[in-house]
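Have a look at upload-v1.txt below; it lists compact mmCIF, C-alpha atoms.
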```txt
# COMPACT_ATOMS: atom_id res chain seq x y z
CA MET A 1 0.00 0.00 0.00
CA SER A 2 1.47 3.33 -1.06
CA VAL A 3 1.78 6.09 1.54
CA THR A 4 0.84 9.61 0.49
CA GLN A 5 3.52 12.15 1.42
CA LEU A 6 2.30 15.62 2.36
CA VAL A 7 4.04 18.96 2.73
CA ALA A 8 2.69 21.92 4.69
CA GLY A 9 -0.58 23.09 3.14
CA ALA A 10 -1.30 19.85 1.28
CA ASN A 11 -4.23 17.54 2.03
CA CYS A 12 -5.66 14.16 1.07
CA PRO A 13 -8.75 12.05 1.92
CA VAL A 14 -8.72 9.54 4.78
CA PRO A 15 -11.13 6.63 5.37
CA ARG A 16 -14.07 7.26 7.72
CA GLU A 17 -13.02 4.61 10.23
CA LYS A 18 -10.95 4.18 13.37
CA LEU A 19 -7.60 5.87 12.74
CA HIS A 20 -4.37 6.25 14.64
CA VAL A 21 -2.43 9.51 14.43
CA GLU A 22 1.23 9.33 15.44
CA VAL A 23 3.49 12.35 16.03
CA LEU A 24 7.28 11.92 15.97
CA LEU A 25 9.94 14.52 16.85
CA SER A 26 13.40 14.54 15.31
CA PRO A 27 15.61 14.41 17.28
CA VAL A 28 13.45 12.74 19.94
CA GLN A 29 14.87 14.96 22.69
CA VAL A 30 16.46 18.41 22.86
CA ASN A 31 17.99 19.81 26.04
CA GLY A 32 15.68 22.42 27.54
CA ALA A 33 12.69 21.38 25.41
CA GLU A 34 9.91 19.35 27.00
CA VAL A 35 7.29 18.98 24.27
CA ASP A 36 3.60 18.35 24.97
CA ILE A 37 1.47 16.90 22.14
CA SER A 38 -2.28 17.58 22.29
CA ALA A 39 -5.45 17.40 20.19
CA PHE A 40 -8.33 19.89 20.05
CA VAL A 41 -11.78 18.71 18.94
CA LEU A 42 -13.45 21.60 17.10
CA THR A 43 -16.82 22.61 15.69
CA ALA A 44 -17.47 24.31 12.34
CA THR A 45 -16.41 27.61 13.97
CA GLY A 46 -12.94 26.22 14.66
CA LYS A 47 -13.52 26.47 18.42
CA VAL A 48 -13.83 23.96 21.28
CA ARG A 49 -17.15 23.45 23.06
CA GLY A 50 -15.56 23.04 26.47
CA ASP A 51 -12.84 21.29 28.45
CA ASP A 52 -13.82 17.85 27.11
CA ASP A 53 -12.64 18.94 23.66
CA MET A 54 -9.00 19.07 24.82
CA VAL A 55 -7.14 15.73 24.64
CA PHE A 56 -3.67 15.37 26.17
CA TYR A 57 -1.65 13.29 28.64
CA GLY A 58 -3.50 14.77 31.64
CA GLN A 59 -6.94 14.17 30.08
CA PRO A 60 -6.43 11.18 27.80
CA ARG A 61 -10.03 10.11 27.08
CA PRO A 62 -12.51 12.96 27.61
CA GLY A 63 -16.09 13.14 26.34
CA ASN A 64 -17.21 9.91 24.70
CA GLY A 65 -13.61 8.79 24.13
CA SER A 66 -13.81 9.00 20.33
CA VAL A 67 -10.57 11.03 20.37
CA ALA A 68 -8.10 9.57 22.87
CA PHE A 69 -4.46 10.03 23.86
CA VAL A 70 -3.13 6.45 23.81
CA GLY A 71 0.66 6.60 23.65
CA ASN A 72 3.45 8.76 25.01
CA SER A 73 7.22 8.23 25.04
CA ALA A 74 10.34 10.25 24.34
CA GLY A 75 9.74 12.17 21.12
CA ARG A 76 6.50 10.35 20.30
CA ALA A 77 2.77 10.63 20.98
CA GLU A 78 -0.19 8.70 19.55
CA PHE A 79 -3.93 9.36 19.34
CA ALA A 80 -6.82 7.03 18.52
CA VAL A 81 -9.58 8.72 16.50
CA ASP A 82 -12.90 6.92 15.98
CA LEU A 83 -14.28 9.03 13.11
CA PRO A 84 -17.69 7.27 12.85
CA ASN A 85 -18.36 8.06 16.52
CA VAL A 86 -17.05 11.58 17.04
CA LEU A 87 -19.43 13.84 18.94
CA ALA A 88 -22.17 15.49 16.88
CA GLY A 89 -21.02 18.83 15.56
CA THR A 90 -17.35 17.85 15.33
CA GLU A 91 -15.90 19.03 12.01
CA LYS A 92 -12.20 19.31 12.77
CA ILE A 93 -9.56 17.69 15.02
CA ALA A 94 -6.33 19.67 15.29
CA PHE A 95 -3.05 18.10 16.48
CA THR A 96 -0.61 20.45 18.19
CA ALA A 97 2.80 20.60 19.83
CA THR A 98 3.92 23.07 22.52
CA ILE A 99 7.23 23.49 24.31
CA HIS A 100 6.70 23.56 28.06
CA GLU A 101 7.18 27.07 29.51
CA ASN A 102 8.56 28.35 26.14
CA ARG A 103 12.07 27.32 27.16
CA THR A 104 13.21 27.15 23.54
CA ASN A 105 11.54 27.08 20.11
CA PHE A 106 10.94 24.45 17.47
CA GLY A 107 13.99 25.61 15.53
CA ALA A 108 15.90 23.38 17.95
CA PHE A 109 14.39 20.34 16.17
CA THR A 110 15.10 19.02 12.67
CA SER A 111 11.54 18.04 11.79
CA LEU A 112 8.15 16.97 13.09
CA GLN A 113 6.32 14.12 11.43
CA VAL A 114 2.64 13.14 11.53
CA THR A 115 1.57 9.69 10.32
CA VAL A 116 -2.08 8.64 9.92
CA LYS A 117 -2.77 4.89 10.04
CA ASN A 118 -5.95 3.03 9.11
CA VAL A 119 -7.86 0.46 11.15
CA ALA A 120 -5.46 -2.26 9.93
CA GLY A 121 -2.46 -0.30 11.25
CA GLN A 122 -1.20 0.58 7.76
CA ALA A 123 0.11 4.09 7.13
CA VAL A 124 -2.28 6.07 4.91
CA LEU A 125 -0.33 9.32 4.80
CA GLN A 126 2.73 10.97 6.24
CA ALA A 127 3.31 14.69 6.71
CA THR A 128 6.83 15.95 7.43
CA LEU A 129 7.19 19.52 8.66
CA PRO A 130 10.75 20.92 8.57
CA ALA A 131 11.53 22.80 11.79
CA LYS A 132 14.76 24.59 10.85
CA GLY A 133 14.45 28.33 11.37
CA MET A 134 11.21 28.14 13.37
CA VAL A 135 11.04 30.75 16.14
CA GLU A 136 7.68 29.62 17.59
CA SER A 137 7.15 27.48 20.70
CA ALA A 138 3.66 26.24 19.71
CA LEU A 139 2.55 24.61 16.45
CA ILE A 140 -0.58 23.28 14.76
CA LEU A 141 0.94 20.22 13.11
CA GLY A 142 -2.04 19.05 11.12
CA GLU A 143 -5.80 18.54 11.20
CA LEU A 144 -8.47 16.04 10.31
CA TYR A 145 -11.43 17.95 8.86
CA LEU A 146 -14.82 17.22 7.33
CA ARG A 147 -15.55 18.66 3.88
CA GLN A 148 -18.76 17.80 1.99
CA GLY A 149 -19.15 14.51 3.82
CA GLN A 150 -15.53 13.42 3.28
CA TRP A 151 -12.90 13.35 6.04
CA LYS A 152 -9.50 14.67 4.99
CA PHE A 153 -6.15 15.40 6.59
CA ARG A 154 -4.25 18.64 6.02
CA ALA A 155 -0.60 19.25 6.95
CA VAL A 156 -0.55 22.70 8.59
CA GLY A 157 2.69 23.75 10.33
CA GLN A 158 1.21 27.02 11.68
CA GLY A 159 3.26 28.48 14.53
CA PHE A 160 2.45 30.67 17.53
CA ALA A 161 4.97 32.76 19.44
CA GLY A 162 4.29 32.69 23.17
CA GLY A 163 3.53 28.99 23.47
CA LEU A 164 0.40 27.39 24.86
CA LYS A 165 -1.58 30.53 25.70
CA PRO A 166 -2.05 32.02 22.20
CA LEU A 167 -2.54 28.57 20.65
CA ALA A 168 -5.24 27.63 23.17
CA GLU A 169 -6.97 31.00 22.76
CA HIS A 170 -6.94 30.45 18.98
CA PHE A 171 -9.16 27.42 19.63
CA GLY A 172 -11.46 29.29 22.01
CA VAL A 173 -10.00 27.99 25.27
CA GLU A 174 -10.36 30.51 28.10
CA ILE A 175 -6.97 31.25 29.67
CA SER A 176 -6.74 33.23 32.89
CA ASP A 177 -3.98 35.84 33.18
CA PRO A 178 -1.48 35.85 36.08
CA THR A 179 -2.91 37.27 39.30
CA PRO A 180 -2.42 41.10 39.38
CA ALA A 181 -1.07 43.06 42.34
CA ALA A 182 -3.34 43.33 45.36
CA ALA A 183 -6.12 45.93 45.01
CA PRO A 184 -8.72 47.29 47.41
CA PRO A 185 -11.38 44.66 48.13
CA VAL A 186 -14.48 44.73 45.95
CA PRO A 187 -17.64 42.62 46.11
CA PRO A 188 -16.95 39.23 44.51
CA PRO A 189 -18.49 38.65 41.07
CA PRO A 190 -20.81 35.69 40.45
CA ALA A 191 -18.92 32.42 40.12
CA PRO A 192 -18.21 31.51 36.48
CA ALA A 193 -19.79 28.38 35.04
CA LYS A 194 -16.36 26.87 34.40
CA LYS A 195 -12.96 27.51 35.96
CA PRO A 196 -10.57 28.98 33.38
CA ILE A 197 -7.16 27.44 32.92
CA SER A 198 -4.59 29.29 35.05
CA LEU A 199 -1.03 29.77 33.85
CA SER A 200 0.15 31.57 37.01
CA LYS A 201 2.14 29.90 39.77
CA VAL A 202 1.08 29.48 43.39
CA THR A 203 3.90 29.81 45.92
CA LEU A 204 3.68 27.69 49.06
CA ASP A 205 5.38 29.43 51.98
CA LYS A 206 5.05 29.69 55.75
CA ALA A 207 1.95 31.86 55.38
CA LYS A 208 0.31 29.45 52.92
CA PRO A 209 1.87 26.02 53.42
CA ARG A 210 -0.89 23.75 52.06
CA VAL A 211 -3.27 23.30 49.13
CA SER A 212 -5.73 20.49 48.40
CA LEU A 213 -6.70 19.40 44.89
CA GLU A 214 -10.15 17.87 44.54
CA LYS A 215 -10.55 14.17 43.89
CA LYS A 216 -10.86 13.28 40.19
CA THR A 217 -12.48 10.07 39.01
CA GLU A 218 -9.95 9.80 36.17
CA GLY A 219 -6.97 10.57 38.45
CA PHE A 220 -4.60 13.51 38.28
CA GLY A 221 -2.79 12.72 35.03
CA GLU A 222 1.00 13.02 34.82
CA ILE A 223 2.26 14.92 37.88
CA ARG A 224 5.66 16.44 37.12
CA ILE A 225 7.96 17.65 39.90
CA ASN A 226 10.99 19.73 38.94
CA LEU A 227 14.04 20.62 41.06
CA ASN A 228 16.15 23.46 39.71
CA TRP A 229 18.93 25.51 41.22
CA ASN A 230 21.71 27.98 40.51
CA ARG A 231 24.70 26.10 39.10
CA GLY A 232 26.73 29.29 38.63
CA GLN A 233 30.41 29.01 39.41
CA ALA A 234 31.20 31.17 42.38
CA PRO A 235 34.28 33.26 43.26
CA ALA A 236 37.55 31.78 44.47
CA ALA A 237 37.34 29.51 47.49
CA LYS A 238 37.92 30.82 50.99
CA SER A 239 38.74 27.32 52.22
CA GLY A 240 39.08 23.79 50.94
CA GLY A 241 37.03 20.66 51.55
CA LEU A 242 33.29 20.87 50.96
CA LEU A 243 33.46 24.65 50.74
CA GLY A 244 35.93 24.27 47.91
CA GLY A 245 33.38 22.10 46.11
CA LEU A 246 31.00 25.06 46.06
CA PHE A 247 33.35 27.96 45.40
CA GLY A 248 35.87 26.32 43.11
CA GLY A 249 38.86 25.24 45.19
CA GLY A 250 40.80 24.46 42.02
CA SER A 251 38.02 22.52 40.24
CA ASN A 252 35.37 25.28 40.23
CA LYS A 253 32.64 22.72 39.62
CA GLY A 254 29.83 24.53 41.41
CA MET A 255 26.80 23.06 43.15
CA ASP A 256 24.96 19.84 42.33
CA LEU A 257 21.59 18.91 43.84
CA ASP A 258 19.61 15.69 43.58
CA VAL A 259 15.87 15.10 43.87
CA GLY A 260 14.24 11.96 45.18
CA CYS A 261 11.25 10.75 47.17
CA LEU A 262 10.07 8.32 49.78
CA TYR A 263 6.74 6.70 48.98
CA GLU A 264 4.20 4.66 50.91
CA GLN A 265 1.47 2.75 49.12
CA ARG A 266 -1.92 1.82 50.54
CA ASP A 267 -0.90 -1.85 50.71
CA GLY A 268 1.93 -0.91 53.11
CA THR A 269 4.78 -0.98 50.58
CA ILE A 270 7.49 1.59 51.40
CA SER A 271 10.56 2.48 49.35
CA ALA A 272 12.54 5.33 47.78
CA ILE A 273 13.18 6.71 44.29
CA GLN A 274 16.55 8.41 43.77
CA ALA A 275 19.68 8.29 41.59
CA LEU A 276 21.80 7.04 44.49
CA GLY A 277 21.53 3.26 44.24
CA ASN A 278 20.10 3.58 40.70
CA ARG A 279 16.51 3.46 41.94
CA PHE A 280 14.88 5.30 39.02
CA GLY A 281 11.47 3.63 39.25
CA SER A 282 8.85 3.34 36.50
CA PHE A 283 6.01 5.63 35.42
CA ARG A 284 3.77 3.06 33.69
CA SER A 285 4.20 0.19 36.13
CA ASP A 286 4.64 -0.21 39.87
CA PRO A 287 5.68 1.99 41.72
CA TYR A 288 4.25 4.54 39.17
CA ILE A 289 7.01 7.06 39.99
CA GLU A 290 10.02 7.69 37.75
CA LEU A 291 13.11 9.87 38.14
CA LYS A 292 14.11 11.60 34.93
CA GLY A 293 16.77 14.11 34.00
CA ASP A 294 19.48 13.20 36.53
CA ASP A 295 22.63 14.85 35.19
CA ARG A 296 26.25 15.10 36.23
CA THR A 297 27.54 17.12 33.28
CA GLY A 298 25.75 20.41 33.94
CA ALA A 299 24.44 20.35 30.36
CA ILE A 300 20.77 20.02 31.31
CA SER A 301 19.66 23.49 32.39
CA GLU A 302 16.10 22.49 33.30
CA GLY A 303 17.16 20.59 36.43
CA GLU A 304 15.88 17.21 37.54
CA TRP A 305 12.39 15.71 37.28
CA LEU A 306 10.21 13.25 39.15
CA HIS A 307 7.13 12.05 37.25
CA ILE A 308 4.22 10.55 39.23
CA ASN A 309 1.44 8.65 37.48
CA GLY A 310 -1.55 10.50 38.93
CA GLN A 311 -3.97 8.08 37.26
CA GLN A 312 -2.74 5.60 39.89
CA TRP A 313 -3.17 8.07 42.76
CA GLN A 314 -5.51 5.63 44.55
CA THR A 315 -2.54 3.29 45.12
CA PHE A 316 -0.60 5.86 47.17
CA LYS A 317 -0.88 6.87 50.81
CA ARG A 318 1.87 9.51 50.86
CA ILE A 319 4.96 10.67 48.96
CA LEU A 320 7.73 12.78 50.53
CA VAL A 321 9.79 14.68 47.94
CA TYR A 322 13.28 15.67 49.07
CA ALA A 323 16.40 17.36 47.74
CA PHE A 324 19.96 16.91 48.88
CA ILE A 325 23.26 18.53 48.04
CA TYR A 326 25.22 15.82 46.28
CA GLU A 327 28.26 17.96 45.55
CA GLY A 328 29.31 21.25 47.13
CA ALA A 329 28.90 22.81 50.57
CA PRO A 330 25.51 22.66 52.35
CA ASN A 331 24.60 26.28 51.67
CA TRP A 332 20.94 26.45 50.69
CA ALA A 333 20.87 30.22 50.24
CA GLN A 334 23.59 29.86 47.56
CA THR A 335 21.64 27.17 45.69
CA ASP A 336 18.62 29.41 45.05
CA GLY A 337 16.83 26.06 44.80
CA VAL A 338 13.17 25.77 43.83
CA VAL A 339 10.82 22.80 43.50
CA THR A 340 7.84 23.24 41.16
CA ILE A 341 4.92 20.81 40.96
CA TYR A 342 2.94 20.63 37.72
CA VAL A 343 -0.49 18.98 37.91
CA PRO A 344 -2.57 19.00 34.69
CA ASN A 345 -5.25 21.74 34.63
CA GLU A 346 -3.92 23.29 37.87
CA PRO A 347 -1.59 26.26 38.39
CA PRO A 348 2.01 25.20 39.10
CA LEU A 349 2.94 25.02 42.79
CA GLU A 350 6.33 26.48 43.77
CA ILE A 351 8.38 25.86 46.93
CA ARG A 352 11.68 27.71 47.45
CA LEU A 353 14.67 26.25 49.33
CA THR A 354 16.47 29.31 50.63
CA GLU A 355 16.51 28.59 54.36
CA GLY A 356 18.17 25.98 56.53
CA SER A 357 21.36 25.42 58.41
CA ASN A 358 24.52 25.36 56.32
CA SER A 359 25.58 22.20 58.11
CA LEU A 360 22.59 20.15 56.89
CA GLY A 361 22.64 18.82 53.34
CA MET A 362 19.20 17.16 53.15
CA CYS A 363 15.85 18.95 52.74
CA ALA A 364 12.39 17.36 53.02
CA VAL A 365 10.62 19.70 50.59
CA VAL A 366 6.99 18.70 50.17
CA LEU A 367 4.66 15.94 51.36
CA LEU A 368 1.93 14.71 49.00
CA GLU A 369 -0.88 12.91 50.84
CA ASN A 370 -3.90 10.98 49.61
CA VAL A 371 -6.73 12.31 51.78
CA ASN A 372 -9.92 10.49 50.76
CA GLY A 373 -8.82 10.67 47.12
CA GLU A 374 -7.81 14.33 47.24
CA LEU A 375 -4.21 15.34 46.53
CA GLN A 376 -3.06 17.34 49.55
CA VAL A 377 0.20 19.22 49.00
CA ASN A 378 2.02 20.18 52.21
CA ARG A 379 5.08 22.44 52.21
CA GLU A 380 7.65 20.95 54.60
CA VAL A 381 11.12 22.53 53.95
CA ARG A 382 12.73 20.74 56.90
CA TYR A 383 16.48 20.15 56.93
CA PHE A 384 18.41 17.06 58.09
CA ARG A 385 21.91 15.64 58.08
CA GLY A 386 20.96 12.75 55.82
CA HIS A 387 18.45 10.14 54.72
CA GLN A 388 18.30 8.19 57.98
CA GLU A 389 17.51 11.25 60.10
CA MET A 390 14.80 12.38 57.68
CA ASP A 391 13.33 8.86 57.53
CA GLN A 392 13.07 8.73 61.31
CA ALA A 393 11.45 12.17 61.52
CA TYR A 394 8.65 11.04 59.16
CA HIS A 395 8.41 7.48 60.56
CA TRP A 396 9.01 5.79 57.21
CA GLY A 397 10.88 2.72 58.46
CA LEU A 398 13.51 2.10 55.77
CA ASN A 399 17.04 0.85 56.50
CA TRP A 400 19.70 3.10 55.00
CA ARG A 401 23.30 2.28 54.20
CA ALA A 402 26.06 4.00 52.24
CA GLY A 403 25.90 3.48 48.48
CA SER A 404 27.30 4.85 45.24
CA LYS A 405 25.87 6.68 42.28
```
Could you write out this file's structure as structure tokens?
Amino acid sequence: MSVTQLVAGANCPVPREKLHVEVLLSPVQVNGAEVDISAFVLTATGKVRGDDDMVFYGQPRPGNGSVAFVGNSAGRAEFAVDLPNVLAGTEKIAFTATIHENRTNFGAFTSLQVTVKNVAGQAVLQATLPAKGMVESALILGELYLRQGQWKFRAVGQGFAGGLKPLAEHFGVEISDPTPAAAPPVPPPPAPAKKPISLSKVTLDKAKPRVSLEKKTEGFGEIRINLNWNRGQAPAAKSGGLLGGLFGGGSNKGMDLDVGCLYEQRDGTISAIQALGNRFGSFRSDPYIELKGDDRTGAISEGEWLHINGQQWQTFKRILVYAFIYEGAPNWAQTDGVVTIYVPNEPPLEIRLTEGSNSLGMCAVVLLENVNGELQVNREVRYFRGHQEMDQAYHWGLNWRAGSK
């Protein structure tokens, strides 16, 4: 079976049946670029009807499930589209790519490829969009659309500067702006029918140490936890030893932090995820937590990531996320460390690590607790000498011994 090759702007018919749409990035990974692939189910106006018309990793099978997010791995995403059973009024399904937090643009990639496969798994068409020279951080890759009773696919390649916000607004998604500076109190307006998507961060501090996210029948999607810090090389050392590790001392290597977590499942299982001991975990199978982005070269500027499978939230009792200074002096003010928690359809939660004794290299940052299905996020920011002391403080019950990385 021949495969039709499309360039941007070209189109061809597709069978009205169950299709699979696969998106591939080349190269599959670029430092500083975390790419999210999504689909928007649109009416004849080119707009969504509501939240159920957005399909992505955090909401994989909304509505009647006729458009579903079914596969996700490095540089690849896949959707299942049941054309005979799409919701009434659906006339277009747009497939998009956005770079998380606009940290780079698609010019960092060589190409983006969309392949449409029929019910037998055979490729019907392939659209390759060259990325060289692109300055945008959001793209409409292609679209399935209905024209005079015939479904077709068009290769698009339309870019948006500014990332997710302008692309989502293009499809009629309501995006709330960051919270403005405090103003004199006014009577509250009537509650809106639907909560708009918020792109602003919420900082958890001593004044506001806790938030609770409502229970969701479908789970919380892919919960991403990022640890980032200032790796800048500091002035000449004032002394050797650990202090030299921070301020140079001949090597001038700077500071290195690690992220990890202790977890307790509802069946009583307890363990840890961290690079020390090579305990990286797994996102799609037990324990449903995976450490990604651990780096010793300093080349990855976006820090380190823990990914928690929030669709399995019912299996967890609690998760304690911690950071520790793997290399360099225990000087938390110098690290300018920050942990940010990304939960789909919720504003990011930020916890800063700028306190603590300079003799303590371990910080228990945030405790995630399953409270009757809700996700309760508790700012901890408590400092310890090491894993054993922290374990005892939270009554985890693991046995710790020295290891290597």
Considering only C-alpha atoms, state which residue in the set A:Ala155, A:Ala68, A:Leu42, A:Val116 is at the smallest distance from Lys92 (chain A).
A:Leu42
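Relative to CA of Leu375 (chain A), CA of Lys215 (chain A) is found at 7.0 Å.
Of the listed residues (A:Asp205, A:Glu327, A:Glu78, A:Asp286), A:Asp286 comes nearest to Asn309 (chain A); the distances count only C-alpha atoms.
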Name the closest residue to Ser212 (chain A) among the candidates A:Ala364, A:Leu139, A:Val371, A:Ala88; distances are taken between atoms, counting all atoms listed in the file.
A:Val371
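With only C-alpha atoms as the atoms that count, the minimum distance from Phe171 (chain A) to the choices A:Phe220, A:Tyr322, A:Trp151, A:Phe95 is reached by A:Phe95.
Coordinates place CA of Met362 (chain A) at a distance of 10.2 Å from CA of Gln388 (chain A).
CA of Gly281 (chain A) to CA of Asn331 (chain A) spans 29.0 Å [interatomic distance, one decimal].
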Considering all atoms listed in the file, return as a compact mmCIF listing (two decimals) with C-alpha atoms, in the frame of the given file whatever protein or nucleic-acid residues lie within 10 Å of region 9-18 of chain A, sequence-local ones (same chain, fewer than 4 positions apart) excluded.
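Generated file (around36.txt):
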```
# COMPACT_ATOMS: atom_id res chain seq x y z
CA THR A 4 0.84 9.61 0.49
CA GLN A 5 3.52 12.15 1.42
CA SER A 66 -13.81 9.00 20.33
CA VAL A 67 -10.57 11.03 20.37
CA ALA A 80 -6.82 7.03 18.52
CA VAL A 81 -9.58 8.72 16.50
CA ASP A 82 -12.90 6.92 15.98
CA LEU A 83 -14.28 9.03 13.11
CA PRO A 84 -17.69 7.27 12.85
CA ASN A 85 -18.36 8.06 16.52
CA VAL A 116 -2.08 8.64 9.92
CA LYS A 117 -2.77 4.89 10.04
CA ASN A 118 -5.95 3.03 9.11
CA VAL A 119 -7.86 0.46 11.15
CA ALA A 120 -5.46 -2.26 9.93
CA GLY A 121 -2.46 -0.30 11.25
CA VAL A 124 -2.28 6.07 4.91
CA LEU A 125 -0.33 9.32 4.80
CA ALA A 127 3.31 14.69 6.71
CA GLY A 142 -2.04 19.05 11.12
CA GLU A 143 -5.80 18.54 11.20
CA LEU A 144 -8.47 16.04 10.31
CA TYR A 145 -11.43 17.95 8.86
CA LEU A 146 -14.82 17.22 7.33
CA ARG A 147 -15.55 18.66 3.88
CA GLY A 149 -19.15 14.51 3.82
CA GLN A 150 -15.53 13.42 3.28
CA TRP A 151 -12.90 13.35 6.04
CA LYS A 152 -9.50 14.67 4.99
CA PHE A 153 -6.15 15.40 6.59
CA ARG A 154 -4.25 18.64 6.02
CA ALA A 155 -0.60 19.25 6.95
CA VAL A 156 -0.55 22.70 8.59
CA GLY A 157 2.69 23.75 10.33
CA GLN A 158 1.21 27.02 11.68
```
For Tyr263 (chain A), which residue out of A:Leu291, A:Leu167, A:Leu367, A:Ala275 is the nearest one, using only C-alpha atoms?
A:Leu367
Using only C-alpha atoms for the distances, tell me which of A:Val48, A:Ile325, A:Leu227, A:Val7 is nearest to Ala94 (chain A).
A:Val48
Quick one: residues within 10 Å of region 348-354 of chain A, all atoms listed in the file, excluding same-chain residues fewer than 2 positions away - as a PyMOL selection string?
chain A and resi 198-205+209+211+224-229+323+331-346+356-357+363-366+377+379-383
